[in-house]
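Asks: Pasting query-v1.cif here (mmCIF, C-alpha atoms, pLDDT in the B column; chains and numbers go by the auth columns):
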```cif
data_start
#
loop_
_atom_site.group_PDB
_atom_site.id
_atom_site.type_symbol
_atom_site.label_atom_id
_atom_site.label_comp_id
_atom_site.label_asym_id
_atom_site.label_seq_id
_atom_site.Cartn_x
_atom_site.Cartn_y
_atom_site.Cartn_z
_atom_site.B_iso_or_equiv
_atom_site.auth_seq_id
_atom_site.auth_asym_id
ATOM 1 C CA MET A 1 -23.871 -8.220 2.221 57.00 103 A
ATOM 2 C CA LYS A 2 -21.411 -8.371 5.088 65.00 104 A
ATOM 3 C CA PRO A 3 -18.243 -6.308 4.483 64.00 105 A
ATOM 4 C CA LEU A 4 -15.025 -8.254 4.002 63.00 106 A
ATOM 5 C CA GLU A 5 -12.650 -7.920 6.904 66.00 107 A
ATOM 6 C CA ALA A 6 -9.013 -8.951 6.619 68.00 108 A
ATOM 7 C CA VAL A 7 -6.914 -9.910 9.595 69.00 109 A
ATOM 8 C CA SER A 8 -3.615 -8.121 10.105 76.00 110 A
ATOM 9 C CA LYS A 9 -0.368 -9.940 9.652 81.00 111 A
ATOM 10 C CA VAL A 10 2.869 -8.905 11.324 86.00 112 A
ATOM 11 C CA VAL A 11 6.136 -9.684 9.541 87.00 113 A
ATOM 12 C CA LYS A 12 9.738 -8.661 10.057 90.00 114 A
ATOM 13 C CA ILE A 13 11.649 -7.256 7.102 89.00 115 A
ATOM 14 C CA SER A 14 15.420 -6.994 6.971 92.00 116 A
ATOM 15 C CA ASN A 15 15.463 -3.390 5.835 91.00 117 A
ATOM 16 C CA THR A 16 15.154 0.103 7.247 92.00 118 A
ATOM 17 C CA ASP A 17 11.818 1.706 8.014 92.00 119 A
ATOM 18 C CA GLN A 18 12.854 4.623 5.762 94.00 120 A
ATOM 19 C CA ARG A 19 13.283 2.394 2.668 94.00 121 A
ATOM 20 C CA ILE A 20 10.073 0.464 3.286 93.00 122 A
ATOM 21 C CA PHE A 21 8.162 3.701 3.836 95.00 123 A
ATOM 22 C CA ALA A 22 9.601 5.238 0.647 95.00 124 A
ATOM 23 C CA TYR A 23 8.544 2.193 -1.402 94.00 125 A
ATOM 24 C CA TRP A 24 4.962 1.889 -0.101 91.00 126 A
ATOM 25 C CA SER A 25 4.237 5.628 -0.026 94.00 127 A
ATOM 26 C CA ASP A 26 4.881 5.935 -3.787 96.00 128 A
ATOM 27 C CA LEU A 27 1.919 4.389 -5.622 95.00 129 A
ATOM 28 C CA ARG A 28 3.899 4.163 -8.857 95.00 130 A
ATOM 29 C CA ASN A 29 5.373 1.004 -7.288 92.00 131 A
ATOM 30 C CA ILE A 30 1.990 -0.755 -7.558 85.00 132 A
ATOM 31 C CA GLN A 31 2.780 -1.329 -11.241 83.00 133 A
ATOM 32 C CA ARG A 32 5.590 -3.675 -10.199 85.00 134 A
ATOM 33 C CA MET A 33 3.210 -5.850 -8.163 84.00 135 A
ATOM 34 C CA ILE A 34 0.605 -6.583 -10.834 82.00 136 A
ATOM 35 C CA PRO A 35 1.581 -9.544 -13.025 83.00 137 A
ATOM 36 C CA PRO A 36 1.523 -9.077 -16.815 81.00 138 A
ATOM 37 C CA GLU A 37 -1.085 -11.830 -17.215 84.00 139 A
ATOM 38 C CA ALA A 38 -3.539 -9.668 -15.253 81.00 140 A
ATOM 39 C CA ASP A 39 -3.995 -7.682 -18.474 85.00 141 A
ATOM 40 C CA ALA A 40 -4.564 -4.449 -16.555 87.00 142 A
ATOM 41 C CA GLU A 41 -4.037 -0.848 -17.570 90.00 143 A
ATOM 42 C CA ILE A 42 -2.335 1.058 -14.764 91.00 144 A
ATOM 43 C CA ASN A 43 -1.757 4.793 -14.535 93.00 145 A
ATOM 44 C CA ALA A 44 -0.006 5.965 -11.398 94.00 146 A
ATOM 45 C CA THR A 45 1.416 9.035 -9.782 96.00 147 A
ATOM 46 C CA GLU A 46 3.069 9.206 -6.384 95.00 148 A
ATOM 47 C CA ASP A 47 -0.308 9.700 -4.633 96.00 149 A
ATOM 48 C CA THR A 48 -2.870 8.032 -6.955 94.00 150 A
ATOM 49 C CA CYS A 49 -3.103 4.798 -8.921 92.00 151 A
ATOM 50 C CA THR A 50 -5.881 4.028 -11.429 91.00 152 A
ATOM 51 C CA VAL A 51 -6.280 0.372 -12.406 87.00 153 A
ATOM 52 C CA THR A 52 -8.551 -0.856 -15.216 88.00 154 A
ATOM 53 C CA ALA A 53 -8.975 -4.601 -15.656 84.00 155 A
ATOM 54 C CA LYS A 54 -11.802 -6.756 -17.020 85.00 156 A
ATOM 55 C CA GLY A 55 -13.962 -3.700 -17.654 87.00 157 A
ATOM 56 C CA GLN A 56 -13.678 -2.429 -14.081 85.00 158 A
ATOM 57 C CA THR A 57 -11.819 0.697 -13.008 85.00 159 A
ATOM 58 C CA PHE A 58 -10.840 1.673 -9.496 83.00 160 A
ATOM 59 C CA VAL A 59 -8.668 4.397 -8.078 89.00 161 A
ATOM 60 C CA VAL A 60 -6.401 3.902 -5.067 90.00 162 A
ATOM 61 C CA ARG A 61 -5.279 7.020 -3.233 94.00 163 A
ATOM 62 C CA LEU A 62 -2.712 7.730 -0.579 95.00 164 A
ATOM 63 C CA LEU A 63 -5.036 8.963 2.170 95.00 165 A
ATOM 64 C CA GLU A 64 -2.597 9.594 4.978 95.00 166 A
ATOM 65 C CA LYS A 65 1.042 9.108 5.839 95.00 167 A
ATOM 66 C CA GLU A 66 3.217 9.650 8.865 96.00 168 A
ATOM 67 C CA GLU A 67 6.865 9.495 7.934 95.00 169 A
ATOM 68 C CA TYR A 68 8.433 6.079 8.617 94.00 170 A
ATOM 69 C CA LYS A 69 5.417 4.925 10.673 95.00 171 A
ATOM 70 C CA LEU A 70 2.084 4.852 8.830 95.00 172 A
ATOM 71 C CA ILE A 71 0.655 4.699 5.317 95.00 173 A
ATOM 72 C CA LYS A 72 -3.094 4.637 4.763 94.00 174 A
ATOM 73 C CA LEU A 73 -4.442 3.730 1.308 93.00 175 A
ATOM 74 C CA GLY A 74 -8.008 3.609 0.063 92.00 176 A
ATOM 75 C CA THR A 75 -10.318 3.744 -2.913 86.00 177 A
ATOM 76 C CA GLU A 76 -12.315 6.764 -3.972 74.00 178 A
ATOM 77 C CA GLU A 77 -15.682 7.261 -2.354 74.00 179 A
ATOM 78 C CA GLY A 78 -18.460 5.543 -4.276 71.00 180 A
ATOM 79 C CA THR A 79 -16.239 2.773 -5.663 72.00 181 A
ATOM 80 C CA LYS A 80 -18.126 -0.547 -5.908 73.00 182 A
ATOM 81 C CA MET A 81 -15.381 -2.509 -4.219 73.00 183 A
ATOM 82 C CA GLY A 82 -14.033 0.114 -1.865 80.00 184 A
ATOM 83 C CA PHE A 83 -11.324 -0.625 0.643 84.00 185 A
ATOM 84 C CA THR A 84 -8.993 0.961 3.135 87.00 186 A
ATOM 85 C CA ALA A 85 -5.600 -0.510 3.982 88.00 187 A
ATOM 86 C CA TRP A 86 -3.117 0.502 6.644 89.00 188 A
ATOM 87 C CA ILE A 87 0.598 -0.198 6.667 91.00 189 A
ATOM 88 C CA GLN A 88 2.295 0.385 9.990 92.00 190 A
ATOM 89 C CA LEU A 89 6.062 0.280 10.434 93.00 191 A
ATOM 90 C CA LYS A 90 8.071 -0.129 13.611 92.00 192 A
ATOM 91 C CA SER A 91 11.862 -0.014 13.550 91.00 193 A
ATOM 92 C CA LEU A 92 13.291 -2.839 15.666 91.00 194 A
ATOM 93 C CA SER A 93 16.952 -2.194 14.868 88.00 195 A
ATOM 94 C CA GLU A 94 18.984 -0.480 12.146 85.00 196 A
ATOM 95 C CA TYR A 95 18.106 -3.064 9.470 85.00 197 A
ATOM 96 C CA GLU A 96 15.035 -4.785 10.881 88.00 198 A
ATOM 97 C CA THR A 97 11.530 -3.392 10.684 87.00 199 A
ATOM 98 C CA GLU A 98 8.222 -4.817 11.832 83.00 200 A
ATOM 99 C CA TYR A 99 5.619 -4.429 9.117 77.00 201 A
ATOM 100 C CA VAL A 100 1.888 -4.652 9.853 78.00 202 A
ATOM 101 C CA ARG A 101 -0.799 -4.645 7.150 72.00 203 A
ATOM 102 C CA ALA A 102 -4.354 -4.041 8.186 61.00 204 A
#
```
Just dump the structure as structure tokens.
Replies:
Amino acid sequence: MKPLEAVSKVVKISNTDQRIFAYWSDLRNIQRMIPPEADAEINATEDTCTVTAKGQTFVVRLLEKEEYKLIKLGTEEGTKMGFTAWIQLKSLSEYETEYVRA
């Protein structure tokens, strides 16, 4: 099976790179993004988030971070549906940041 490849999207956010970095580099915030109807059990720390839904469990880890510039997330090795995601930040002005997900 061919691996899924997502195309990056660049967006501008009216906020500081520091605030965006702080939000995405704390995996406890993932709980806020999963809707209640997903019926998922989520256990998170700052660096790890375990999600169990529909009999499947996967663990997302903070793999790498460079303050205010880069956050790299990924699943544990051996996970059936493994993935790696990058979030890159570029400050354009005091309250405008370019946000790239890959």
Asks: Counting all atoms listed in the file, which residues have an atom no more than 9 Å from (4.9, -5.3, 7.1) in the file's coordinates? Please list them as a ChimeraX atom specification.
Replies: /A:111-115,122,189-192,199-203
Asks: Using all atoms listed in the file for the distances, tell me which of A:Thr150, A:Gln120, A:Ala155, A:Gly180 is nearest to A:Pro137.
Replies: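 That would be A:Ala155, the residue with the smallest distance to A:Pro137.
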Asks: Given the choices A:Asp119, A:Glu148, A:Glu196, A:Glu143, which gets closest to A:Leu172 if the distance is worked out from all atoms listed in the file?
Replies: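 With all atoms listed in the file as the atom set, the closest residue is A:Asp119.
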Asks: Looking at A:Cys151, A:Glu139, A:Gly176, A:Lys171, which one is nearest to A:Arg121, with distances taken over only C-alpha atoms?
Replies: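 Under the stated criterion, the closest residue is A:Lys171.
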Asks: Neighbours of A:Gln158 within 12 Å (only C-alpha atoms; same-chain residues fewer than 2 positions away dropped), as a list in words?
Replies: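 Residues near the query, excluding close chain neighbours: Asp141, Ala142, Glu143, Ile144, Thr152, Val153, Thr154, Ala155, Lys156, Phe160, Val161, Thr181, Lys182 and Met183 of chain A.
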Asks: Restricting it to C-alpha atoms, dump the selection as a PDB file, keeping the file's coordinate frame.
Replies:
```pdb
ATOM      1  CA  ASP A 141      -3.995  -7.682 -18.474  1.00 85.00           C
ATOM      2  CA  ALA A 142      -4.564  -4.449 -16.555  1.00 87.00           C
ATOM      3  CA  GLU A 143      -4.037  -0.848 -17.570  1.00 90.00           C
ATOM      4  CA  ILE A 144      -2.335   1.058 -14.764  1.00 91.00           C
ATOM      5  CA  THR A 152      -5.881   4.028 -11.429  1.00 91.00           C
ATOM      6  CA  VAL A 153      -6.280   0.372 -12.406  1.00 87.00           C
ATOM      7  CA  THR A 154      -8.551  -0.856 -15.216  1.00 88.00           C
ATOM      8  CA  ALA A 155      -8.975  -4.601 -15.656  1.00 84.00           C
ATOM      9  CA  LYS A 156     -11.802  -6.756 -17.020  1.00 85.00           C
ATOM     10  CA  PHE A 160     -10.840   1.673  -9.496  1.00 83.00           C
ATOM     11  CA  VAL A 161      -8.668   4.397  -8.078  1.00 89.00           C
ATOM     12  CA  THR A 181     -16.239   2.773  -5.663  1.00 72.00           C
ATOM     13  CA  LYS A 182     -18.126  -0.547  -5.908  1.00 73.00           C
ATOM     14  CA  MET A 183     -15.381  -2.509  -4.219  1.00 73.00           C
TER      15      MET A 183
END
```
Asks: Name every residue that the PyMOL selection byres ((chain A and resi 166) around 12) selects in this structure, writing the answer as a PDB file with C-alpha atoms, keeping the file's coordinate frame with chains first and numbers rising.
Replies:
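Wrote it out as result_16.pdb, contents follow:
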```pdb
ATOM      1  CA  TRP A 126       4.962   1.889  -0.101  1.00 91.00           C
ATOM      2  CA  SER A 127       4.237   5.628  -0.026  1.00 94.00           C
ATOM      3  CA  ASP A 149      -0.308   9.700  -4.633  1.00 96.00           C
ATOM      4  CA  ARG A 163      -5.279   7.020  -3.233  1.00 94.00           C
ATOM      5  CA  LEU A 164      -2.712   7.730  -0.579  1.00 95.00           C
ATOM      6  CA  LEU A 165      -5.036   8.963   2.170  1.00 95.00           C
ATOM      7  CA  LYS A 167       1.042   9.108   5.839  1.00 95.00           C
ATOM      8  CA  GLU A 168       3.217   9.650   8.865  1.00 96.00           C
ATOM      9  CA  GLU A 169       6.865   9.495   7.934  1.00 95.00           C
ATOM     10  CA  LYS A 171       5.417   4.925  10.673  1.00 95.00           C
ATOM     11  CA  LEU A 172       2.084   4.852   8.830  1.00 95.00           C
ATOM     12  CA  ILE A 173       0.655   4.699   5.317  1.00 95.00           C
ATOM     13  CA  LYS A 174      -3.094   4.637   4.763  1.00 94.00           C
ATOM     14  CA  LEU A 175      -4.442   3.730   1.308  1.00 93.00           C
ATOM     15  CA  GLY A 176      -8.008   3.609   0.063  1.00 92.00           C
ATOM     16  CA  THR A 186      -8.993   0.961   3.135  1.00 87.00           C
ATOM     17  CA  ALA A 187      -5.600  -0.510   3.982  1.00 88.00           C
ATOM     18  CA  TRP A 188      -3.117   0.502   6.644  1.00 89.00           C
ATOM     19  CA  ILE A 189       0.598  -0.198   6.667  1.00 91.00           C
ATOM     20  CA  GLN A 190       2.295   0.385   9.990  1.00 92.00           C
TER      21      GLN A 190
END
```
Asks: Using all atoms listed in the file for the distances, tell me which of A:Asn145, A:Tyr170, A:Ser193, A:Phe185 is nearest to A:Ala124.
Replies: A:Tyr170
Asks: Please enclose the listed atoms of stretch 139-153 of chain A in an axis-aligned box, pad each side by 3 Å, and write out the centre and the three edge lengths in Å, rounded to one decimal, as JSON.
Replies:
```
{"center_x": -1.6, "center_y": -1.1, "center_z": -11.6, "size_x": 15.3, "size_y": 27.5, "size_z": 19.8}
```
Asks: Please provide the set of residues having any atom within 8 Å of A:Gln133, restricted to only C-alpha atoms, with same-chain residues fewer than 2 positions apart removed, written as a list in words.
Replies: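 Surrounding residues, per the criterion: Arg130, Asn131, Met135, Ile136, Ile144 and Ala146 of chain A.
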Asks: Quick one: pull the distance between atom CA of A:Thr177 and atom CA of A:Gly157, Å, one decimal.
Replies: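 Taking atom CA of A:Thr177 as the start and atom CA of A:Gly157 as the end point, the length is 16.9 Å.
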Asks: Quote the spacing between atom CA of A:Thr159 and atom CA of A:Arg134 in Å to one decimal place.
Replies: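 Answer for the atom CA of A:Thr159 to atom CA of A:Arg134 separation: 18.2 Å.
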Asks: Rounded to one decimal place, report the atom CA of A:Ser116-atom CA of A:Thr147 distance in Å.
Replies: 27.1 Å
